[in-house]
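A.B. asks: The following block contains the structure, expressed as structure tokens.
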Amino acid sequence: MEFRILGPLEAREGDDVVRLGGARQRALLAILLLHANEVISVDRLVDELWAEAPPATAAHTVQVHVSNVRKALETAAPGAAARLETRPPGYVLRTEPGELDLERFERLCKQARTADPQQAAGLLREALALWRGAPLADVAYESFAQPAVGRLEELRLTALEELVDADLACGRHAALVGELQPLVAAHPLRERLRGQLMLALYRSGRQAEALEAFQEGRRALVEELGIEPGPALQRLERAILRQERELELQQAPPPAAPPAATARAVLLALGEAGGVDALLAVVEPLAAPGQGSDLILARLVARGEELAPWTALLNERRSALAERGVSARTAAFTSPDAGRDLVRLATEQAADVLVLDAAAAVRADGSLTADAATVLGEAACDVGLLYARDAAPGPVLVPFGGSDHDWAALELGAWLAGARGSALRLLGTEAGGEGRRDASRLLAHAALAVQQLAGVPTEPVLGERGPAGIVDGAAAAGVLVCGLADSWRQDGLGGARAEAVRLAAPPALLVRRGPRPGGLAPREHLTRYTWSLSLAGRAGEDAARQTASA
């Protein structure tokens, strides 16, 4: 089985997800996974599940929850109930090596500490890519989870600092400056990060800014904690003032050229043959000359006799794309598990975005096929569900409310607008009643981030709340790009935005944010934790929360 706590809690066997009945069962599983292969007493489970106010029947209720978790494990994987053993004075959940994402993360980090800088950087990027958001996100507010969440976040930040050290040793100091500045702003009292920023600035010929970074850190420490910077940071400041030779990059062999498979790519997973051209009309600009990306056309089929006609069709489209200067590659193969194979293909080809044909991925009632659910749940890159319709000129419209998936939609929308040579239009809600604010301030923050990091002109507009406002706004758009609802795992594609996407006139993309950044990010940034358009629009997220609570 596979167990995940570096993000929302999840347990699965292949495509079968363990379905837990309620918050207490999820909390119980989280506690057992945090102490995998350790016996946890019933008394401790009672204390952690109910804090200081357990009911009189708490011990019996724990037994009931354990029984229900066993049933859920057994439903997903026959025989898995035996993993949750009764061992006096309590219970133990058995996991095998590699099944728990936290164990894989810690193993990769440990390997990185004995590797050379180039190898260490690769291992640490692989480790950080395991994160799918805040750890234990769906039980993070439970009292037992607070220390664990703090520890896990510290592990992630430490791994990120070790990655920065490896990248500094590889000579990436100039590129690191832009990564480190928002991180230092988010963690102003973390002296290791500040020292790394100072060193990156100094090696980039920005000595004065390196010294100012030290002074900013000193002021923060003195004002908030009443202490001076530690000895290491003070020694670094003195070394910069003296321009000591030890600060210079130690010469090392130049890094090996990356393999061809790490070239940027847009992966388009095709559905039926009749929809290929409509899909290409939307996606092709992302791989147009000058975009620096290959377009990979993939078709996974169930039967071998389908390969020959699909291979011929793909080769025909590849030749037509080549005549227009588009670098395209094709892949067609049989697969008993198309969802997992698409996830693997996206990983192997370092795809910036994986686009699914919504006609094949979404059922008439809005529910997802099993393969689409697997891709959305497991792909490290952004995923788009494309409703292909007749393409038309016009701006790219992005309804924007500040959620994580909205930021991913904004990045993809900005990338698409730049590739199409069209404007990017950001749609927010009107005030809609006394005491409510409109979304104009939020749109302004998002527009500033887009202009700063993508250089794409933006046009903020306001419309009425709900699907009608999006449909009306999309009437004059060339493409509609929407973030997926945060509740998509529980509710599928139900909800206002999904309804608007189905009703809108132009081609429409529903976007799910992945842990890897999309096509706007520099190639070397492999996790959203080190690069995101939303870092520049951090204030926009605050505005989104304020607007939502108004």
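Labeling convention for the structure tokens: chains A, B, ... as they appear, residues from 1 per chain, ligands from 1 in order of appearance.
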Using DSSP on the backbone, list every residue of stretch 375-413 of chain A that comes out as strand (DSSP E or B), and give them as an NGL selection string.
C.D. replies: :A and (382-387 or 396-399)
A.B. asks: Can you tell me, as a ChimeraX atom specification, which residues in stretch 148-244 of chain A count as helix (DSSP H, G or I) by DSSP?
C.D. replies: /A:148-169,173-186,191-203,207-225,231-242
A.B. asks: Pick the closest to A:Ala287 from A:Leu6, A:Val501, A:Ala419, A:Cys381: which is it, counting only C-alpha atoms?
C.D. replies: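 Under the stated criterion, the closest residue is A:Ala419.
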A.B. asks: If we count only C-alpha atoms, what is near stretch 470-473 of chain A at a cut-off of 12 Å, once residues fewer than 6 positions away on the same chain are taken out, given as an MDAnalysis selection string?
C.D. replies: chainID A and resid 394:400 425:430 460:464 479:482 496:508
A.B. asks: Output N, CA and C atoms of each residue in that selection to a file, as a compact mmCIF listing (two decimals), in the first residue's frame.
C.D. replies:
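Result written to selection08.txt:
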```txt
# COMPACT_ATOMS: atom_id res chain seq x y z
N GLY A 394 -9.20 36.35 -29.22
CA GLY A 394 -9.68 37.03 -28.03
C GLY A 394 -8.75 36.78 -26.86
N PRO A 395 -8.96 37.47 -25.75
CA PRO A 395 -8.08 37.33 -24.60
C PRO A 395 -8.26 35.98 -23.90
N VAL A 396 -7.28 35.64 -23.07
CA VAL A 396 -7.41 34.49 -22.18
C VAL A 396 -8.06 34.98 -20.89
N LEU A 397 -9.18 34.37 -20.51
CA LEU A 397 -9.92 34.79 -19.32
C LEU A 397 -9.63 33.83 -18.18
N VAL A 398 -9.22 34.39 -17.01
CA VAL A 398 -8.96 33.59 -15.81
C VAL A 398 -9.81 34.13 -14.67
N PRO A 399 -10.89 33.44 -14.27
CA PRO A 399 -11.60 33.81 -13.05
C PRO A 399 -10.67 33.57 -11.86
N PHE A 400 -10.49 34.57 -11.00
CA PHE A 400 -9.44 34.48 -9.98
C PHE A 400 -9.98 34.81 -8.60
N ARG A 425 -7.03 38.42 -19.27
CA ARG A 425 -8.11 39.11 -18.57
C ARG A 425 -8.41 38.37 -17.26
N LEU A 426 -8.34 39.10 -16.13
CA LEU A 426 -8.60 38.51 -14.82
C LEU A 426 -10.02 38.90 -14.39
N LEU A 427 -10.82 37.90 -14.07
CA LEU A 427 -12.21 38.13 -13.70
C LEU A 427 -12.39 37.95 -12.20
N GLY A 428 -12.94 38.99 -11.55
CA GLY A 428 -13.27 38.91 -10.14
C GLY A 428 -14.72 39.26 -9.92
N THR A 429 -15.18 39.12 -8.70
CA THR A 429 -16.59 39.33 -8.40
C THR A 429 -16.88 40.77 -8.02
N GLU A 430 -18.07 41.21 -8.40
CA GLU A 430 -18.55 42.51 -7.96
C GLU A 430 -18.85 42.49 -6.47
N PRO A 460 -8.01 43.62 -15.64
CA PRO A 460 -8.95 43.18 -14.61
C PRO A 460 -10.38 43.59 -14.95
N VAL A 461 -11.35 42.70 -14.74
CA VAL A 461 -12.76 42.99 -14.96
C VAL A 461 -13.55 42.39 -13.80
N LEU A 462 -14.71 42.96 -13.52
CA LEU A 462 -15.59 42.48 -12.46
C LEU A 462 -16.89 41.96 -13.06
N GLY A 463 -17.43 40.91 -12.46
CA GLY A 463 -18.69 40.34 -12.92
C GLY A 463 -19.49 39.81 -11.75
N GLU A 464 -20.69 39.38 -12.01
CA GLU A 464 -21.53 38.87 -10.93
C GLU A 464 -21.01 37.53 -10.44
N VAL A 479 -10.07 31.88 -24.85
CA VAL A 479 -9.89 30.67 -24.04
C VAL A 479 -10.27 31.02 -22.60
N LEU A 480 -10.91 30.09 -21.91
CA LEU A 480 -11.24 30.23 -20.50
C LEU A 480 -10.37 29.27 -19.71
N VAL A 481 -9.67 29.78 -18.66
CA VAL A 481 -8.81 28.95 -17.82
C VAL A 481 -9.24 29.14 -16.37
N CYS A 482 -9.72 28.07 -15.73
CA CYS A 482 -10.25 28.13 -14.36
C CYS A 482 -9.47 27.20 -13.44
N ALA A 496 -19.79 25.56 -8.92
CA ALA A 496 -20.11 26.66 -9.82
C ALA A 496 -19.13 26.75 -10.98
N ARG A 497 -17.85 26.62 -10.70
CA ARG A 497 -16.88 26.82 -11.78
C ARG A 497 -16.96 25.71 -12.81
N ALA A 498 -17.08 24.49 -12.34
CA ALA A 498 -17.18 23.39 -13.30
C ALA A 498 -18.42 23.55 -14.17
N GLU A 499 -19.51 24.01 -13.56
CA GLU A 499 -20.73 24.25 -14.35
C GLU A 499 -20.49 25.34 -15.37
N ALA A 500 -19.79 26.41 -14.95
CA ALA A 500 -19.52 27.50 -15.89
C ALA A 500 -18.65 27.03 -17.04
N VAL A 501 -17.66 26.19 -16.74
CA VAL A 501 -16.78 25.68 -17.78
C VAL A 501 -17.57 24.87 -18.80
N ARG A 502 -18.52 24.08 -18.30
CA ARG A 502 -19.32 23.27 -19.23
C ARG A 502 -20.25 24.13 -20.08
N LEU A 503 -20.66 25.29 -19.55
CA LEU A 503 -21.61 26.14 -20.28
C LEU A 503 -20.92 27.19 -21.15
N ALA A 504 -19.66 27.48 -20.89
CA ALA A 504 -18.98 28.57 -21.59
C ALA A 504 -18.83 28.27 -23.08
N ALA A 505 -18.74 29.34 -23.87
CA ALA A 505 -18.64 29.19 -25.32
C ALA A 505 -17.23 28.82 -25.79
N PRO A 506 -16.17 29.47 -25.29
CA PRO A 506 -14.84 29.18 -25.83
C PRO A 506 -14.25 27.90 -25.25
N PRO A 507 -13.14 27.41 -25.81
CA PRO A 507 -12.44 26.29 -25.19
C PRO A 507 -12.12 26.63 -23.74
N ALA A 508 -12.18 25.64 -22.86
CA ALA A 508 -12.02 25.91 -21.43
C ALA A 508 -11.13 24.86 -20.79
```
A.B. asks: Just give me the gap between atom CA of A:Ala281 and atom CA of A:Ala379 in Å, one decimal is fine.
C.D. replies: 23.8 Å
